[in-house]
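Enquirer: Quick one: the structure is below, questions incoming.
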Amino acid sequence: MRKDRHQYVLVFFLFILLFTAIITNPSKDDYIQFSEESIGQPNPAGLEIERINFYFFSAYTPVFFDEYGVSYLGLFGKFIRISDGQFDYPWWLEFFN
């Protein structure tokens, strides 16, 4: 019976973690605000934001006149840099295009 209790507790914590990831998944507006704060000026007019949503996290890449910028992973309301930009598009994101 003790083993079953541990499994229920583990499943409960996993559910809480996944639920928290879903509700804190940053939106496109959050990324735009983050990018404007990090460069200190508004985004240029020709800039597009490519977003791939995985529900638990999202990947954001700015595209400026067909040139890819630095990709960020949005997870738990934070942004983590995952590429160096300028033609260094993450290979694993190509599967979702």
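In the structure tokens, chains take the letters A, B, ... in the order shown, each chain's residues start at 1, and ligands count up from 1 in the order shown.
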Using only C-alpha atoms, which protein or nucleic acid residues come within 7 Å of Leu47 (chain A)? Drop anything in the same chain fewer than 5 positions from it, and give the result as a list of chain:residue names.
Expert: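 Once the nearby chain positions are removed, what remains is A:Pro62, A:Val63, A:Phe64.
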Enquirer: Can you pull out every residue from chain A that DSSP, working from the backbone, puts in helix (DSSP H, G or I), and format the result as a VMD selection string?
Expert: chain A and resid 2 to 23 28 to 39 91 to 96
Enquirer: Near Gly74 (chain A), within 8 Å and counting only C-alpha atoms, which residues show up once chain neighbours fewer than 6 positions away are dropped, as a PDB file with N, CA, C and O atoms, in the first residue's frame?
Expert:
ATOM      1  N   ASN A  25       3.000  29.592 -19.645  1.00  0.00           N
ATOM      2  CA  ASN A  25       3.599  29.620 -20.985  1.00  0.00           C
ATOM      3  C   ASN A  25       3.488  31.041 -21.537  1.00  0.00           C
ATOM      4  O   ASN A  25       2.395  31.566 -21.685  1.00  0.00           O
ATOM      5  N   PRO A  26       4.621  31.707 -21.821  1.00  0.00           N
ATOM      6  CA  PRO A  26       4.555  33.102 -22.268  1.00  0.00           C
ATOM      7  C   PRO A  26       3.890  33.246 -23.637  1.00  0.00           C
ATOM      8  O   PRO A  26       4.038  32.404 -24.508  1.00  0.00           O
ATOM      9  N   PHE A  57       5.557  24.846 -23.316  1.00  0.00           N
ATOM     10  CA  PHE A  57       6.564  25.876 -23.589  1.00  0.00           C
ATOM     11  C   PHE A  57       6.402  26.316 -25.036  1.00  0.00           C
ATOM     12  O   PHE A  57       5.692  25.684 -25.812  1.00  0.00           O
ATOM     13  N   SER A  58       7.052  27.419 -25.379  1.00  0.00           N
ATOM     14  CA  SER A  58       6.984  27.944 -26.742  1.00  0.00           C
ATOM     15  C   SER A  58       8.374  28.344 -27.201  1.00  0.00           C
ATOM     16  O   SER A  58       9.228  28.684 -26.390  1.00  0.00           O
ATOM     17  N   ALA A  59       8.579  28.322 -28.510  1.00  0.00           N
ATOM     18  CA  ALA A  59       9.842  28.772 -29.099  1.00  0.00           C
ATOM     19  C   ALA A  59       9.552  30.015 -29.935  1.00  0.00           C
ATOM     20  O   ALA A  59       8.595  30.044 -30.712  1.00  0.00           O
ATOM     21  N   TYR A  60      10.363  31.052 -29.753  1.00  0.00           N
ATOM     22  CA  TYR A  60      10.190  32.328 -30.447  1.00  0.00           C
ATOM     23  C   TYR A  60      11.455  32.667 -31.221  1.00  0.00           C
ATOM     24  O   TYR A  60      12.562  32.582 -30.684  1.00  0.00           O
ATOM     25  N   ILE A  80      14.697  31.649 -22.415  1.00  0.00           N
ATOM     26  CA  ILE A  80      16.031  31.054 -22.403  1.00  0.00           C
ATOM     27  C   ILE A  80      16.553  31.043 -23.836  1.00  0.00           C
ATOM     28  O   ILE A  80      15.886  30.536 -24.740  1.00  0.00           O
TER      29      ILE A  80
END
Enquirer: Excluding same-chain residues fewer than 3 positions from Ile49 (chain A), what lies within 12 Å of it counting only C-alpha atoms, as an MDAnalysis selection string?
Expert: chainID A and resid 27:32 35 43:46 52 59:72
Enquirer: May I ask for the distance between CA of Phe12 (chain A) and CA of Phe79 (chain A), given in Å to one decimal place?
Expert: 26.4 Å
Enquirer: Just give me the gap between CA of Thr24 (chain A) and CA of Phe76 (chain A) in Å, one decimal is fine.
Expert: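 According to the coordinates, CA of Thr24 (chain A) and CA of Phe76 (chain A) are separated by 4.9 Å.
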Enquirer: Can you work out the spacing between CA of Phe15 (chain A) and CA of Tyr55 (chain A) in Å, to one decimal?
Expert: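 Atom-to-atom, CA of Phe15 (chain A) and CA of Tyr55 (chain A) are spaced 14.0 Å apart.
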Enquirer: I'd like to know which of A:Leu17, A:Asp84, A:Arg2, A:Lys78 is closest to Gln33 (chain A), using only C-alpha atoms.
Expert: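 Among the listed residues, A:Lys78 lies closest to Gln33 (chain A).
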Enquirer: Choose the residue, out of A:Glu50, A:Ile22, A:Leu75, A:Leu14, that has the smallest atom-to-atom separation from Glu94 (chain A); count only C-alpha atoms.
Expert: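 Closest candidate: A:Glu50.
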